[in-house]
>>> print(open('final-v5.cif').read())   # mmCIF, N, CA and C atoms
data_data
#
loop_
_atom_site.label_atom_id
_atom_site.label_comp_id
_atom_site.auth_asym_id
_atom_site.auth_seq_id
_atom_site.Cartn_x
_atom_site.Cartn_y
_atom_site.Cartn_z
N MET A 979 0.85 -1.16 0.00
CA MET A 979 0.00 0.00 0.00
C MET A 979 0.89 1.22 0.00
N ASP A 980 0.64 2.10 -0.95
CA ASP A 980 1.51 3.25 -1.08
C ASP A 980 0.99 4.51 -0.39
N LEU A 981 -0.31 4.70 -0.42
CA LEU A 981 -0.91 5.89 0.18
C LEU A 981 -2.20 5.54 0.90
N VAL A 982 -2.47 6.27 1.95
CA VAL A 982 -3.78 6.23 2.59
C VAL A 982 -4.26 7.68 2.62
N CYS A 983 -5.38 7.93 1.97
CA CYS A 983 -5.91 9.28 1.81
C CYS A 983 -7.35 9.33 2.26
N VAL A 984 -7.87 10.53 2.36
CA VAL A 984 -9.30 10.74 2.63
C VAL A 984 -9.81 11.66 1.53
N ASP A 985 -10.88 11.23 0.85
CA ASP A 985 -11.40 12.05 -0.24
C ASP A 985 -12.36 13.11 0.28
N GLU A 986 -12.91 13.86 -0.65
CA GLU A 986 -13.81 14.98 -0.29
C GLU A 986 -15.09 14.52 0.41
N ASN A 987 -15.43 13.24 0.29
CA ASN A 987 -16.62 12.69 0.95
C ASN A 987 -16.27 11.95 2.24
N HIS A 988 -15.05 12.14 2.73
CA HIS A 988 -14.56 11.51 3.96
C HIS A 988 -14.45 10.00 3.85
N VAL A 989 -14.24 9.51 2.63
CA VAL A 989 -14.00 8.09 2.38
C VAL A 989 -12.50 7.86 2.47
N VAL A 990 -12.09 6.85 3.23
CA VAL A 990 -10.68 6.49 3.31
C VAL A 990 -10.33 5.75 2.02
N VAL A 991 -9.28 6.21 1.35
CA VAL A 991 -8.86 5.63 0.07
C VAL A 991 -7.48 5.01 0.24
N PHE A 992 -7.40 3.71 0.01
CA PHE A 992 -6.13 3.00 0.04
C PHE A 992 -5.64 2.94 -1.40
N VAL A 993 -4.44 3.47 -1.64
CA VAL A 993 -3.96 3.64 -3.01
C VAL A 993 -2.71 2.80 -3.24
N GLU A 994 -2.74 2.04 -4.31
CA GLU A 994 -1.57 1.30 -4.78
C GLU A 994 -1.06 2.03 -6.02
N VAL A 995 0.22 2.39 -6.03
CA VAL A 995 0.81 3.09 -7.17
C VAL A 995 1.71 2.12 -7.92
N LYS A 996 1.49 2.02 -9.21
CA LYS A 996 2.30 1.17 -10.08
C LYS A 996 3.03 2.05 -11.07
N THR A 997 4.31 1.80 -11.25
CA THR A 997 5.11 2.55 -12.21
C THR A 997 5.55 1.61 -13.32
N ARG A 998 5.39 2.05 -14.53
CA ARG A 998 5.81 1.27 -15.70
C ARG A 998 6.65 2.16 -16.58
N ARG A 999 7.60 1.58 -17.27
CA ARG A 999 8.47 2.38 -18.14
C ARG A 999 7.69 2.86 -19.36
N ALA A 1000 8.14 3.95 -19.90
CA ALA A 1000 7.50 4.55 -21.07
C ALA A 1000 7.54 3.58 -22.24
N GLY A 1001 6.45 3.50 -22.96
CA GLY A 1001 6.38 2.67 -24.16
C GLY A 1001 6.13 1.20 -23.90
N GLY A 1002 6.06 0.81 -22.65
CA GLY A 1002 5.82 -0.59 -22.34
C GLY A 1002 4.39 -0.99 -22.66
N LEU A 1003 4.18 -2.26 -22.88
CA LEU A 1003 2.85 -2.76 -23.21
C LEU A 1003 2.01 -3.04 -21.97
N ASP A 1004 2.66 -3.24 -20.83
CA ASP A 1004 1.97 -3.56 -19.59
C ASP A 1004 1.36 -2.30 -19.00
N ASP A 1005 0.07 -2.30 -18.76
CA ASP A 1005 -0.58 -1.12 -18.20
C ASP A 1005 -0.58 -1.12 -16.67
N GLY A 1006 0.07 -2.09 -16.05
CA GLY A 1006 0.14 -2.14 -14.59
C GLY A 1006 -0.91 -3.03 -13.97
N SER A 1007 -1.98 -3.29 -14.68
CA SER A 1007 -3.05 -4.09 -14.10
C SER A 1007 -2.63 -5.54 -13.87
N ALA A 1008 -1.68 -6.03 -14.65
CA ALA A 1008 -1.20 -7.41 -14.48
C ALA A 1008 -0.52 -7.60 -13.14
N ALA A 1009 0.04 -6.53 -12.58
CA ALA A 1009 0.72 -6.62 -11.29
C ALA A 1009 -0.26 -6.67 -10.13
N LEU A 1010 -1.52 -6.41 -10.38
CA LEU A 1010 -2.53 -6.40 -9.31
C LEU A 1010 -3.22 -7.77 -9.27
N THR A 1011 -2.45 -8.77 -8.92
CA THR A 1011 -2.94 -10.15 -8.86
C THR A 1011 -3.90 -10.33 -7.70
N ALA A 1012 -4.58 -11.46 -7.67
CA ALA A 1012 -5.47 -11.78 -6.56
C ALA A 1012 -4.71 -11.78 -5.24
N ALA A 1013 -3.49 -12.32 -5.24
CA ALA A 1013 -2.68 -12.35 -4.02
C ALA A 1013 -2.31 -10.93 -3.57
N LYS A 1014 -1.99 -10.06 -4.52
CA LYS A 1014 -1.65 -8.68 -4.19
C LYS A 1014 -2.87 -7.96 -3.62
N ARG A 1015 -4.04 -8.16 -4.23
CA ARG A 1015 -5.27 -7.55 -3.72
C ARG A 1015 -5.56 -8.04 -2.31
N GLN A 1016 -5.32 -9.32 -2.06
CA GLN A 1016 -5.55 -9.88 -0.72
C GLN A 1016 -4.60 -9.24 0.30
N ARG A 1017 -3.33 -9.05 -0.07
CA ARG A 1017 -2.37 -8.40 0.83
C ARG A 1017 -2.78 -6.96 1.11
N LEU A 1018 -3.23 -6.25 0.08
CA LEU A 1018 -3.67 -4.86 0.27
C LEU A 1018 -4.89 -4.79 1.17
N THR A 1019 -5.82 -5.71 0.97
CA THR A 1019 -7.03 -5.75 1.80
C THR A 1019 -6.68 -6.03 3.26
N ARG A 1020 -5.76 -6.97 3.46
CA ARG A 1020 -5.33 -7.32 4.83
C ARG A 1020 -4.63 -6.12 5.47
N ALA A 1021 -3.76 -5.44 4.74
CA ALA A 1021 -3.07 -4.26 5.26
C ALA A 1021 -4.06 -3.15 5.62
N ALA A 1022 -5.06 -2.96 4.77
CA ALA A 1022 -6.09 -1.95 5.06
C ALA A 1022 -6.85 -2.31 6.33
N GLY A 1023 -7.17 -3.58 6.49
CA GLY A 1023 -7.86 -4.03 7.70
C GLY A 1023 -7.04 -3.77 8.95
N LEU A 1024 -5.75 -4.01 8.88
CA LEU A 1024 -4.87 -3.74 10.02
C LEU A 1024 -4.80 -2.25 10.31
N TRP A 1025 -4.72 -1.45 9.25
CA TRP A 1025 -4.69 0.00 9.42
C TRP A 1025 -5.98 0.47 10.10
N LEU A 1026 -7.10 -0.02 9.63
CA LEU A 1026 -8.39 0.37 10.21
C LEU A 1026 -8.53 -0.10 11.65
N ALA A 1027 -8.01 -1.30 11.95
CA ALA A 1027 -8.11 -1.84 13.31
C ALA A 1027 -7.31 -1.00 14.31
N GLY A 1028 -6.30 -0.29 13.83
CA GLY A 1028 -5.49 0.54 14.71
C GLY A 1028 -6.11 1.89 15.03
N ARG A 1029 -7.26 2.15 14.46
CA ARG A 1029 -7.95 3.42 14.69
C ARG A 1029 -9.07 3.22 15.69
N SER A 1030 -9.39 4.27 16.41
CA SER A 1030 -10.52 4.18 17.33
C SER A 1030 -11.78 4.70 16.64
N GLY A 1031 -12.91 4.32 17.16
CA GLY A 1031 -14.18 4.77 16.61
C GLY A 1031 -14.70 3.85 15.53
N PRO A 1032 -15.82 4.23 14.95
CA PRO A 1032 -16.43 3.39 13.92
C PRO A 1032 -15.58 3.35 12.65
N SER A 1033 -15.67 2.26 11.93
CA SER A 1033 -14.93 2.13 10.67
C SER A 1033 -15.53 3.04 9.62
N PRO A 1034 -14.71 3.82 8.96
CA PRO A 1034 -15.22 4.71 7.91
C PRO A 1034 -15.45 3.94 6.61
N ALA A 1035 -16.15 4.57 5.69
CA ALA A 1035 -16.29 4.01 4.35
C ALA A 1035 -14.89 4.00 3.72
N CYS A 1036 -14.61 2.97 2.92
CA CYS A 1036 -13.28 2.81 2.32
C CYS A 1036 -13.40 2.39 0.87
N ARG A 1037 -12.31 2.61 0.13
CA ARG A 1037 -12.21 2.07 -1.22
C ARG A 1037 -10.74 1.87 -1.57
N PHE A 1038 -10.51 1.08 -2.62
CA PHE A 1038 -9.17 0.79 -3.09
C PHE A 1038 -9.01 1.36 -4.49
N ASP A 1039 -8.02 2.22 -4.66
CA ASP A 1039 -7.72 2.82 -5.96
C ASP A 1039 -6.33 2.35 -6.42
N VAL A 1040 -6.12 2.41 -7.72
CA VAL A 1040 -4.81 2.12 -8.30
C VAL A 1040 -4.44 3.30 -9.20
N VAL A 1041 -3.19 3.75 -9.09
CA VAL A 1041 -2.69 4.82 -9.94
C VAL A 1041 -1.51 4.26 -10.73
N LEU A 1042 -1.56 4.42 -12.04
CA LEU A 1042 -0.48 3.98 -12.91
C LEU A 1042 0.33 5.20 -13.33
N VAL A 1043 1.63 5.15 -13.04
CA VAL A 1043 2.55 6.22 -13.43
C VAL A 1043 3.41 5.68 -14.56
N GLN A 1044 3.34 6.34 -15.70
CA GLN A 1044 4.12 5.93 -16.86
C GLN A 1044 4.82 7.18 -17.39
N PRO A 1045 6.17 7.24 -17.26
CA PRO A 1045 6.88 8.44 -17.72
C PRO A 1045 6.51 8.81 -19.15
N GLY A 1046 6.27 10.09 -19.36
CA GLY A 1046 5.93 10.58 -20.69
C GLY A 1046 4.47 10.38 -21.07
N ALA A 1047 3.68 9.85 -20.17
CA ALA A 1047 2.25 9.61 -20.44
C ALA A 1047 1.44 10.19 -19.28
N ALA A 1048 0.17 10.34 -19.52
CA ALA A 1048 -0.72 10.84 -18.47
C ALA A 1048 -0.87 9.78 -17.38
N LEU A 1049 -1.08 10.22 -16.16
CA LEU A 1049 -1.38 9.30 -15.07
C LEU A 1049 -2.72 8.64 -15.34
N ARG A 1050 -2.85 7.38 -14.96
CA ARG A 1050 -4.14 6.69 -15.02
C ARG A 1050 -4.57 6.39 -13.60
N HIS A 1051 -5.80 6.73 -13.28
CA HIS A 1051 -6.33 6.53 -11.94
C HIS A 1051 -7.56 5.63 -12.03
N TRP A 1052 -7.47 4.45 -11.43
CA TRP A 1052 -8.61 3.53 -11.38
C TRP A 1052 -9.27 3.69 -10.02
N ARG A 1053 -10.31 4.48 -9.98
CA ARG A 1053 -11.07 4.71 -8.75
C ARG A 1053 -11.89 3.46 -8.46
N GLY A 1054 -11.80 2.95 -7.23
CA GLY A 1054 -12.55 1.75 -6.88
C GLY A 1054 -12.10 0.55 -7.70
N ALA A 1055 -10.79 0.38 -7.86
CA ALA A 1055 -10.23 -0.66 -8.72
C ALA A 1055 -10.67 -2.07 -8.29
N PHE A 1056 -10.86 -2.26 -7.00
CA PHE A 1056 -11.36 -3.53 -6.48
C PHE A 1056 -11.97 -3.27 -5.13
N ASP A 1057 -12.69 -4.25 -4.60
CA ASP A 1057 -13.28 -4.08 -3.28
C ASP A 1057 -12.64 -5.07 -2.30
N ALA A 1058 -13.03 -4.99 -1.05
CA ALA A 1058 -12.40 -5.80 0.00
C ALA A 1058 -12.59 -7.29 -0.22
N SER A 1059 -13.54 -7.68 -1.03
CA SER A 1059 -13.73 -9.11 -1.30
C SER A 1059 -12.72 -9.61 -2.33
N GLY A 1060 -11.94 -8.71 -2.91
CA GLY A 1060 -10.91 -9.11 -3.87
C GLY A 1060 -11.29 -8.75 -5.25
#
>>> encode(input="final-v5.cif", output="structure tokens")
Amino acid sequence: MDLVCVDENHVVVFVEVKTRRAGGLDDGSAALTAAKRQRLTRAAGLWLAGRSGPSPACRFDVVLVQPGAALRHWRGAFDASG
């Protein structure tokens, strides 16, 4: 997990950032395997468990950084069920 943010609606956003070299064919989504999603979900659960009070609404986003290209942001890329 690269970032933990709060959006304008007070939703906690867990962000995974993937970097790919310019001109590559891989858009980064291949690196977001089921095992990786499970690890991110588990890490988010641990982060939330360390907070007091009720659990806030959450989502998982992915940002692809590709030099020389626009950033790609997948809002709600997956949910806690994987």
>>> select_by_dssp(input="final-v5.cif", residues="chain A", states="strand (DSSP E)", output="list in words")
Leu981, Val982, Cys983, Val984, Val990, Val991, Phe992, Val993, Glu994, Val995, Lys996, Thr997, Cys1036, Arg1037, Phe1038, Asp1039, Val1040, Val1041, Leu1042, Val1043, Arg1050, His1051, Trp1052, Arg1053, Gly1054, Ala1055 and Phe1056 of chain A
>>> write_last_selection(input="final-v5.cif", atoms="N, CA and C atoms", output="short mmCIF file (atom, residue, chain, number, x, y, z; two decimals), in the frame of the given file")
data_model
loop_
_atom_site.label_atom_id
_atom_site.label_comp_id
_atom_site.auth_asym_id
_atom_site.auth_seq_id
_atom_site.Cartn_x
_atom_site.Cartn_y
_atom_site.Cartn_z
N LEU A 981 -0.31 4.70 -0.42
CA LEU A 981 -0.91 5.89 0.18
C LEU A 981 -2.20 5.54 0.90
N VAL A 982 -2.47 6.27 1.95
CA VAL A 982 -3.78 6.23 2.59
C VAL A 982 -4.26 7.68 2.62
N CYS A 983 -5.38 7.93 1.97
CA CYS A 983 -5.91 9.28 1.81
C CYS A 983 -7.35 9.33 2.26
N VAL A 984 -7.87 10.53 2.36
CA VAL A 984 -9.30 10.74 2.63
C VAL A 984 -9.81 11.66 1.53
N VAL A 990 -12.09 6.85 3.23
CA VAL A 990 -10.68 6.49 3.31
C VAL A 990 -10.33 5.75 2.02
N VAL A 991 -9.28 6.21 1.35
CA VAL A 991 -8.86 5.63 0.07
C VAL A 991 -7.48 5.01 0.24
N PHE A 992 -7.40 3.71 0.01
CA PHE A 992 -6.13 3.00 0.04
C PHE A 992 -5.64 2.94 -1.40
N VAL A 993 -4.44 3.47 -1.64
CA VAL A 993 -3.96 3.64 -3.01
C VAL A 993 -2.71 2.80 -3.24
N GLU A 994 -2.74 2.04 -4.31
CA GLU A 994 -1.57 1.30 -4.78
C GLU A 994 -1.06 2.03 -6.02
N VAL A 995 0.22 2.39 -6.03
CA VAL A 995 0.81 3.09 -7.17
C VAL A 995 1.71 2.12 -7.92
N LYS A 996 1.49 2.02 -9.21
CA LYS A 996 2.30 1.17 -10.08
C LYS A 996 3.03 2.05 -11.07
N THR A 997 4.31 1.80 -11.25
CA THR A 997 5.11 2.55 -12.21
C THR A 997 5.55 1.61 -13.32
N CYS A 1036 -14.61 2.97 2.92
CA CYS A 1036 -13.28 2.81 2.32
C CYS A 1036 -13.40 2.39 0.87
N ARG A 1037 -12.31 2.61 0.13
CA ARG A 1037 -12.21 2.07 -1.22
C ARG A 1037 -10.74 1.87 -1.57
N PHE A 1038 -10.51 1.08 -2.62
CA PHE A 1038 -9.17 0.79 -3.09
C PHE A 1038 -9.01 1.36 -4.49
N ASP A 1039 -8.02 2.22 -4.66
CA ASP A 1039 -7.72 2.82 -5.96
C ASP A 1039 -6.33 2.35 -6.42
N VAL A 1040 -6.12 2.41 -7.72
CA VAL A 1040 -4.81 2.12 -8.30
C VAL A 1040 -4.44 3.30 -9.20
N VAL A 1041 -3.19 3.75 -9.09
CA VAL A 1041 -2.69 4.82 -9.94
C VAL A 1041 -1.51 4.26 -10.73
N LEU A 1042 -1.56 4.42 -12.04
CA LEU A 1042 -0.48 3.98 -12.91
C LEU A 1042 0.33 5.20 -13.33
N VAL A 1043 1.63 5.15 -13.04
CA VAL A 1043 2.55 6.22 -13.43
C VAL A 1043 3.41 5.68 -14.56
N ARG A 1050 -2.85 7.38 -14.96
CA ARG A 1050 -4.14 6.69 -15.02
C ARG A 1050 -4.57 6.39 -13.60
N HIS A 1051 -5.80 6.73 -13.28
CA HIS A 1051 -6.33 6.53 -11.94
C HIS A 1051 -7.56 5.63 -12.03
N TRP A 1052 -7.47 4.45 -11.43
CA TRP A 1052 -8.61 3.53 -11.38
C TRP A 1052 -9.27 3.69 -10.02
N ARG A 1053 -10.31 4.48 -9.98
CA ARG A 1053 -11.07 4.71 -8.75
C ARG A 1053 -11.89 3.46 -8.46
N GLY A 1054 -11.80 2.95 -7.23
CA GLY A 1054 -12.55 1.75 -6.88
C GLY A 1054 -12.10 0.55 -7.70
N ALA A 1055 -10.79 0.38 -7.86
CA ALA A 1055 -10.23 -0.66 -8.72
C ALA A 1055 -10.67 -2.07 -8.29
N PHE A 1056 -10.86 -2.26 -7.00
CA PHE A 1056 -11.36 -3.53 -6.48
C PHE A 1056 -11.97 -3.27 -5.13
#
>>> closest_residue(input="final-v5.cif", among="A:Ala1058, A:Leu1042, A:Ala1035, A:Ala1013", to="A:Glu994", atoms="only C-alpha atoms")
A:Leu1042
>>> atom_distance(input="final-v5.cif", atom1="atom CA of A:His988", atom2="atom CA of A:Ser1033")
11.5 Å
>>> residues_around(input="final-v5.cif", residues="A:Asp980", least_positions_apart="3", cutoff="7 Å", atoms="all atoms listed in the file", output="number ranges by chain")
A: 992-995
>>> closest_residue(input="final-v5.cif", among="A:Pro1034, A:Gln1016, A:Ala1008, A:Ala1027", to="A:Val989", atoms="only N, CA and C atoms")
A:Pro1034
>>> closest_residue(input="final-v5.cif", among="A:Ser1030, A:Arg999, A:Ala1022, A:Val991", to="A:Pro1045", atoms="only C-alpha atoms")
A:Arg999
>>> select_by_dssp(input="final-v5.cif", residues="chain A", states="alpha helix (DSSP H)", output="list in words")
Ala1012, Ala1013, Lys1014, Arg1015, Gln1016, Arg1017, Leu1018, Thr1019, Arg1020, Ala1021, Ala1022, Gly1023, Leu1024, Trp1025, Leu1026 and Ala1027 of chain A
>>> atom_distance(input="final-v5.cif", atom1="atom N of A:Asn987", atom2="atom N of A:Gly1028")
21.2 Å
